[in-house]
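Undergrad: I have a structure here, written as C-alpha cells, and I will follow up with some questions on it.
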Amino acid sequence: MAAYKDEERGTWYVSFYYEDWTGAKKRKVKRGFRTKKEALNFEAEYKRTAKADMDMTMGEFVEVYFRDKSQSLKDRSIKNKRDTMNAQLLPYFKDRPMNSITPAEIIQWQNTIIEKGYSDDYLKTIQNQMTALFNHAKNIYNLADNPCDKVKRMGKTSKKKMKFWTIEEYRQFMTGIEPGSKYYVLFELLFWTGAREGEALSITPADIDFEKNLLHINKTYYRMHGEDVITSPKTEESNRTISIPEFLKKEIQDYISRLYELPEDERIFPMVHEAVQHKLKQVVQKTGVKKIRVHDIRHSHAAFLINKGVQPLMIKERFGHTDIRITLNTYGHLYPDQQKVVADMLDDENIKSSGSTNNRSNVTNGDESTNVNPRQVDYIRNSSREQQIIGENSLKNGGIYGTEK
C-alpha cells in the first residue's frame, strides 16, 4: 500500500487496485486525507469491505450493508437504521467476525438489551435490524447461517388504541387558530385530505389544480442534519392525486394569494415538524380538546370518511396505501360489525315481507322455484365494487363534505 502527497492542496491521497465481490479488478482513487495514516487506513478498509468476505467484522460489514442499500433506502431510513445499529449492535459485536457469531451469543445479547427496560416496540426494532443485517450477509454474501433464525425474536408490536378527533373535536380545536393563517390552512388541509405531515409540508402551488379541485401529492419534506430535504413520497402508491372540497380549495387559494409572489415550485408551508407539533400542543391546551399527535389528524380524516360510509378501497387510494390490507388492518376496527349488519338486514327484510306474497318474486333455478324478495336480489347483485364506485363518485363530487362545512 502507498499514499501520496498532493502538494497543491497539502493533503494526502491513495490510488490502488482492488478486487470486488464478483472477483473483478477495479481501480480506486480517493483524495483529501489530512494525514498519510488516514489515507492508508482508508485503502485497507476499502479493500476489505469491497470483497465482503464473511470473516470481516460486523463493524466492517455494516458499512457494506449501507453501501448496498444506499440506492434503495431513503437517507432518513438509513440514518435511523444506522443510529440503531451504532447504539445497540456494534457496542457488542463491532469487532466480531460475522461468521463467528453464534445463536447462543445472540441470546446473551438479547438478554442484555431486554434488561435495559426498553419498550416492546423498540426491542422489536432492534431485533429487526440485527436480523436484517445477517439476512443480507446470508442472501447476498453467502454467510452459511443467520444465527437470529435459531432464537426467539425479542419485542413485539404493541396494540395501541388509535387516537383521533371527531368532527366536533376538530372544529373545537380550530377555534383556537386565527382563520386564514398558515397554521389554520395547514391543519385544514391535513384534516380534510388525510395527507401525511411531510406530504403537506412539501406542497407547492404547482401541485394544486384549482380548476379541477385536485391535489397532486408527489413528494415529502423533512429536516436532516439541519438541512431541508425534499424527496419522493414514502412508497410508489403515495404518488397520488386526490379531490379536495370547494371550501378547502378557496382557503388554500386565498392563503397563497397573500404570499408575496410565491414561485410555483416553492413550499406554501415553510415550516418544520417541530413548529407544527408545538402549534398543535399550544392550541390543544388553549381549547381543551383531546391531545393527539400530528399524524393522528390523518387517522381523524379516515374515521370521518368511514363514518360517512366511504368504502375501504377508496380510503386506500386516497391515503396512498400500498395494499388494501394496510387500510383494513389500520382502520378496519372502525367499520361497523359486518356480520351484525347482514343479520339486521335479513331481519328487516323478513319483517317487511312476512305475511305478504305480493312483495315476492319467483327466481327460477333449473326446475326449482324459490320465493325471494326483490330487494334481497338487488342487495345480492350490488357488489362491493359498485358500492366503492358510489363512494368514489361521492367523494370526487365533494358530496361527503357538503353537509359538514
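Naming works like this for the C-alpha cells: A, B, ... for the chains as they're shown, residue 1 at the start of each chain, ligands 1 onward in shown order.
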Quick one: everything within 10 Å of Gly176 (chain A), counting only C-alpha atoms, minus sequence neighbours fewer than 4 positions away in the same chain. Send it as a list in words.
TA: Arg171, Gln172, Tyr184, Leu280, Gln282, Val283, Val284, Gln285, Lys286, Thr287 and Gly288 of chain A
Undergrad: As a PDB file with N, CA and C atoms, in the first residue's frame, please: every residue in region 63-96 of chain A that a backbone DSSP assignment puts in helix (DSSP H, G or I).
TA:
ATOM      1  N   GLU A  63     -20.855  -1.257   7.095  1.00  0.00           N
ATOM      2  CA  GLU A  63     -20.567  -0.304   6.022  1.00  0.00           C
ATOM      3  C   GLU A  63     -20.916  -0.895   4.665  1.00  0.00           C
ATOM      4  N   VAL A  64     -20.657  -2.180   4.476  1.00  0.00           N
ATOM      5  CA  VAL A  64     -21.042  -2.857   3.236  1.00  0.00           C
ATOM      6  C   VAL A  64     -22.563  -2.830   3.079  1.00  0.00           C
ATOM      7  N   TYR A  65     -23.243  -3.118   4.165  1.00  0.00           N
ATOM      8  CA  TYR A  65     -24.710  -3.163   4.164  1.00  0.00           C
ATOM      9  C   TYR A  65     -25.299  -1.827   3.720  1.00  0.00           C
ATOM     10  N   PHE A  66     -24.818  -0.736   4.300  1.00  0.00           N
ATOM     11  CA  PHE A  66     -25.376   0.574   3.949  1.00  0.00           C
ATOM     12  C   PHE A  66     -24.920   1.033   2.569  1.00  0.00           C
ATOM     13  N   ARG A  67     -23.758   0.581   2.143  1.00  0.00           N
ATOM     14  CA  ARG A  67     -23.337   0.867   0.771  1.00  0.00           C
ATOM     15  C   ARG A  67     -24.295   0.198  -0.213  1.00  0.00           C
ATOM     16  N   ASP A  68     -24.645  -1.053   0.057  1.00  0.00           N
ATOM     17  CA  ASP A  68     -25.560  -1.784  -0.821  1.00  0.00           C
ATOM     18  C   ASP A  68     -26.967  -1.198  -0.803  1.00  0.00           C
ATOM     19  N   LYS A  69     -27.374  -0.667   0.332  1.00  0.00           N
ATOM     20  CA  LYS A  69     -28.734  -0.156   0.488  1.00  0.00           C
ATOM     21  C   LYS A  69     -28.876   1.319   0.110  1.00  0.00           C
ATOM     22  N   ASP A  75     -32.511   8.513   2.688  1.00  0.00           N
ATOM     23  CA  ASP A  75     -31.483   8.961   3.629  1.00  0.00           C
ATOM     24  C   ASP A  75     -31.967   8.897   5.072  1.00  0.00           C
ATOM     25  N   ARG A  76     -33.227   9.261   5.284  1.00  0.00           N
ATOM     26  CA  ARG A  76     -33.754   9.259   6.647  1.00  0.00           C
ATOM     27  C   ARG A  76     -33.833   7.836   7.205  1.00  0.00           C
ATOM     28  N   SER A  77     -34.210   6.872   6.352  1.00  0.00           N
ATOM     29  CA  SER A  77     -34.267   5.473   6.791  1.00  0.00           C
ATOM     30  C   SER A  77     -32.878   4.956   7.124  1.00  0.00           C
ATOM     31  N   ILE A  78     -31.903   5.308   6.293  1.00  0.00           N
ATOM     32  CA  ILE A  78     -30.527   4.886   6.550  1.00  0.00           C
ATOM     33  C   ILE A  78     -30.034   5.465   7.865  1.00  0.00           C
ATOM     34  N   LYS A  79     -30.330   6.737   8.109  1.00  0.00           N
ATOM     35  CA  LYS A  79     -29.906   7.362   9.366  1.00  0.00           C
ATOM     36  C   LYS A  79     -30.512   6.645  10.569  1.00  0.00           C
ATOM     37  N   ASN A  80     -31.813   6.355  10.504  1.00  0.00           N
ATOM     38  CA  ASN A  80     -32.480   5.687  11.622  1.00  0.00           C
ATOM     39  C   ASN A  80     -31.908   4.298  11.870  1.00  0.00           C
ATOM     40  N   LYS A  81     -31.674   3.553  10.798  1.00  0.00           N
ATOM     41  CA  LYS A  81     -31.110   2.209  10.934  1.00  0.00           C
ATOM     42  C   LYS A  81     -29.683   2.266  11.471  1.00  0.00           C
ATOM     43  N   ARG A  82     -28.910   3.204  10.951  1.00  0.00           N
ATOM     44  CA  ARG A  82     -27.520   3.326  11.405  1.00  0.00           C
ATOM     45  C   ARG A  82     -27.458   3.722  12.876  1.00  0.00           C
ATOM     46  N   ASP A  83     -28.335   4.632  13.290  1.00  0.00           N
ATOM     47  CA  ASP A  83     -28.368   5.043  14.700  1.00  0.00           C
ATOM     48  C   ASP A  83     -28.663   3.853  15.605  1.00  0.00           C
ATOM     49  N   THR A  84     -29.615   3.014  15.194  1.00  0.00           N
ATOM     50  CA  THR A  84     -29.960   1.832  15.990  1.00  0.00           C
ATOM     51  C   THR A  84     -28.793   0.862  16.066  1.00  0.00           C
ATOM     52  N   MET A  85     -28.151   0.620  14.937  1.00  0.00           N
ATOM     53  CA  MET A  85     -27.016  -0.310  14.922  1.00  0.00           C
ATOM     54  C   MET A  85     -25.852   0.219  15.746  1.00  0.00           C
ATOM     55  N   ASN A  86     -25.577   1.511  15.626  1.00  0.00           N
ATOM     56  CA  ASN A  86     -24.474   2.098  16.394  1.00  0.00           C
ATOM     57  C   ASN A  86     -24.718   2.015  17.895  1.00  0.00           C
ATOM     58  N   ALA A  87     -25.984   2.150  18.289  1.00  0.00           N
ATOM     59  CA  ALA A  87     -26.305   2.178  19.716  1.00  0.00           C
ATOM     60  C   ALA A  87     -26.504   0.799  20.322  1.00  0.00           C
ATOM     61  N   GLN A  88     -27.047  -0.151  19.538  1.00  0.00           N
ATOM     62  CA  GLN A  88     -27.478  -1.417  20.135  1.00  0.00           C
ATOM     63  C   GLN A  88     -26.806  -2.669  19.582  1.00  0.00           C
ATOM     64  N   LEU A  90     -23.422  -2.610  17.479  1.00  0.00           N
ATOM     65  CA  LEU A  90     -21.964  -2.508  17.390  1.00  0.00           C
ATOM     66  C   LEU A  90     -21.246  -2.477  18.737  1.00  0.00           C
ATOM     67  N   PRO A  91     -21.827  -1.915  19.803  1.00  0.00           N
ATOM     68  CA  PRO A  91     -21.121  -1.973  21.090  1.00  0.00           C
ATOM     69  C   PRO A  91     -20.843  -3.401  21.559  1.00  0.00           C
ATOM     70  N   TYR A  92     -21.592  -4.364  21.044  1.00  0.00           N
ATOM     71  CA  TYR A  92     -21.435  -5.757  21.469  1.00  0.00           C
ATOM     72  C   TYR A  92     -20.677  -6.612  20.449  1.00  0.00           C
ATOM     73  N   PHE A  93     -20.834  -6.303  19.150  1.00  0.00           N
ATOM     74  CA  PHE A  93     -20.292  -7.191  18.119  1.00  0.00           C
ATOM     75  C   PHE A  93     -19.403  -6.489  17.091  1.00  0.00           C
TER      76      PHE A  93
END
Undergrad: At most 12 Å is the cut-off: for each residue in region 183-223 of chain A with any atom that close to an atom of region 320-335 of chain A, write down the nearest atom pair and the distance in Å rounded to one decimal, counting only C-alpha atoms, chain first then increasing number, as CSV.
TA:
residue,atom,partner,partner_atom,distance
A:Thr193,CA,A:Gly320,CA,11.3
A:Gly194,CA,A:Gly320,CA,9.8
A:Ala195,CA,A:Gly320,CA,8.9
A:Arg196,CA,A:Gly320,CA,9.7
A:Glu199,CA,A:Gly320,CA,11.1
A:His216,CA,A:Gly320,CA,11.7
A:Ile217,CA,A:Gly320,CA,9.3
A:Asn218,CA,A:Gly320,CA,10.6
Undergrad: Determine the nearest neighbour of Tyr17 (chain A) from the options A:Lys5, A:His225, A:Lys250, A:Lys47, counting only C-alpha atoms.
TA: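 Among A:Lys5, A:His225, A:Lys250, A:Lys47, it is A:Lys47 that comes nearest to Tyr17 (chain A).
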Undergrad: Please provide the set of residues having any atom within 12 Å of Ile101 (chain A), restricted to only C-alpha atoms, with same-chain residues fewer than 4 positions apart removed, written as a PDB file with C-alpha atoms, in the first residue's frame.
TA:
ATOM      1  CA  MET A  54     -17.728 -13.184   5.854  1.00  0.00           C
ATOM      2  CA  ASP A  55     -14.747 -13.244   8.165  1.00  0.00           C
ATOM      3  CA  MET A  56     -14.974  -9.460   8.185  1.00  0.00           C
ATOM      4  CA  THR A  57     -16.173  -7.919  11.428  1.00  0.00           C
ATOM      5  CA  MET A  58     -19.702  -6.691  11.984  1.00  0.00           C
ATOM      6  CA  TYR A  92     -21.435  -5.757  21.469  1.00  0.00           C
ATOM      7  CA  PHE A  93     -20.292  -7.191  18.119  1.00  0.00           C
ATOM      8  CA  LYS A  94     -18.299  -4.482  16.314  1.00  0.00           C
ATOM      9  CA  ASP A  95     -15.012  -6.436  16.304  1.00  0.00           C
ATOM     10  CA  ARG A  96     -16.531  -9.906  15.923  1.00  0.00           C
ATOM     11  CA  PRO A  97     -16.293 -11.649  12.515  1.00  0.00           C
ATOM     12  CA  GLU A 105     -24.354 -15.135  21.743  1.00  0.00           C
ATOM     13  CA  ILE A 106     -27.473 -13.648  20.153  1.00  0.00           C
ATOM     14  CA  ILE A 107     -29.493 -14.871  23.153  1.00  0.00           C
ATOM     15  CA  GLN A 108     -26.976 -13.339  25.572  1.00  0.00           C
ATOM     16  CA  TRP A 109     -27.145 -10.081  23.637  1.00  0.00           C
ATOM     17  CA  MET A 130     -29.899  -7.390  13.675  1.00  0.00           C
ATOM     18  CA  PHE A 134     -27.495 -11.148   8.953  1.00  0.00           C
ATOM     19  CA  LEU A 143     -22.952 -16.442   5.006  1.00  0.00           C
ATOM     20  CA  ALA A 144     -23.786 -20.039   5.934  1.00  0.00           C
ATOM     21  CA  ASP A 145     -26.474 -19.309   8.534  1.00  0.00           C
ATOM     22  CA  ASN A 146     -28.312 -16.445  10.164  1.00  0.00           C
ATOM     23  CA  PRO A 147     -27.897 -17.019  13.922  1.00  0.00           C
ATOM     24  CA  CYS A 148     -31.054 -14.978  14.556  1.00  0.00           C
TER      25      CYS A 148
END
Undergrad: Considering only C-alpha atoms, can you say which of A:Ala3, A:Leu201, A:Val289, A:Val342 comes closest to Ile167 (chain A)?
TA: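 Once distances to Ile167 (chain A) are computed over only C-alpha atoms, the minimum belongs to A:Val289.
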Undergrad: I'd like the interatomic distance between CA of Arg31 (chain A) and CA of Gly10 (chain A), to a tenth of an Å.
TA: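 Rounded to one decimal, the two atoms are 10.8 Å apart.
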Undergrad: Calculate how many Å separate CA of Lys30 (chain A) from CA of Glu60 (chain A), rounding to one decimal.
TA: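 These two atoms are separated by 18.6 Å.
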Undergrad: Do a neighbour search on Lys26 (chain A) at 9 Å with only C-alpha atoms, toss out local chain neighbours closer than 5 positions, and write the hits as a PyMOL selection string.
TA: chain A and resi 16-20
Undergrad: Give me the residues near Tyr221 (chain A) as a short mmCIF file (atom, residue, chain, number, x, y, z; two decimals) with C-alpha atoms, in the first residue's frame, where near means some atom within 10 Å (using only C-alpha atoms) and where sequence neighbours in that chain fewer than 5 positions away do not count.
TA:
data_model
loop_
_atom_site.label_atom_id
_atom_site.label_comp_id
_atom_site.auth_asym_id
_atom_site.auth_seq_id
_atom_site.Cartn_x
_atom_site.Cartn_y
_atom_site.Cartn_z
CA GLU A 197 -47.46 15.78 7.51
CA GLY A 198 -44.35 15.56 5.33
CA GLU A 199 -46.51 15.44 2.20
CA ALA A 200 -48.45 18.53 3.27
CA LEU A 201 -45.28 20.47 4.12
CA SER A 202 -43.86 19.76 0.65
CA ILE A 203 -46.84 21.11 -1.30
CA ASP A 228 -34.30 20.85 4.34
CA VAL A 229 -34.81 17.63 2.40
CA ILE A 230 -37.49 17.10 -0.24
CA THR A 231 -37.67 13.62 -1.71
CA SER A 232 -40.10 11.20 -3.30
CA PRO A 233 -43.04 10.01 -1.17
CA ARG A 267 -43.37 25.33 -0.48
CA MET A 271 -42.19 25.33 8.44
CA VAL A 272 -40.67 22.28 10.13
CA HIS A 273 -42.23 19.39 12.06
#
Undergrad: So how far away is CA of Leu305 (chain A) from CA of Tyr183 (chain A), in Å?
TA: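 That distance, rounded to one decimal, is 22.9 Å.
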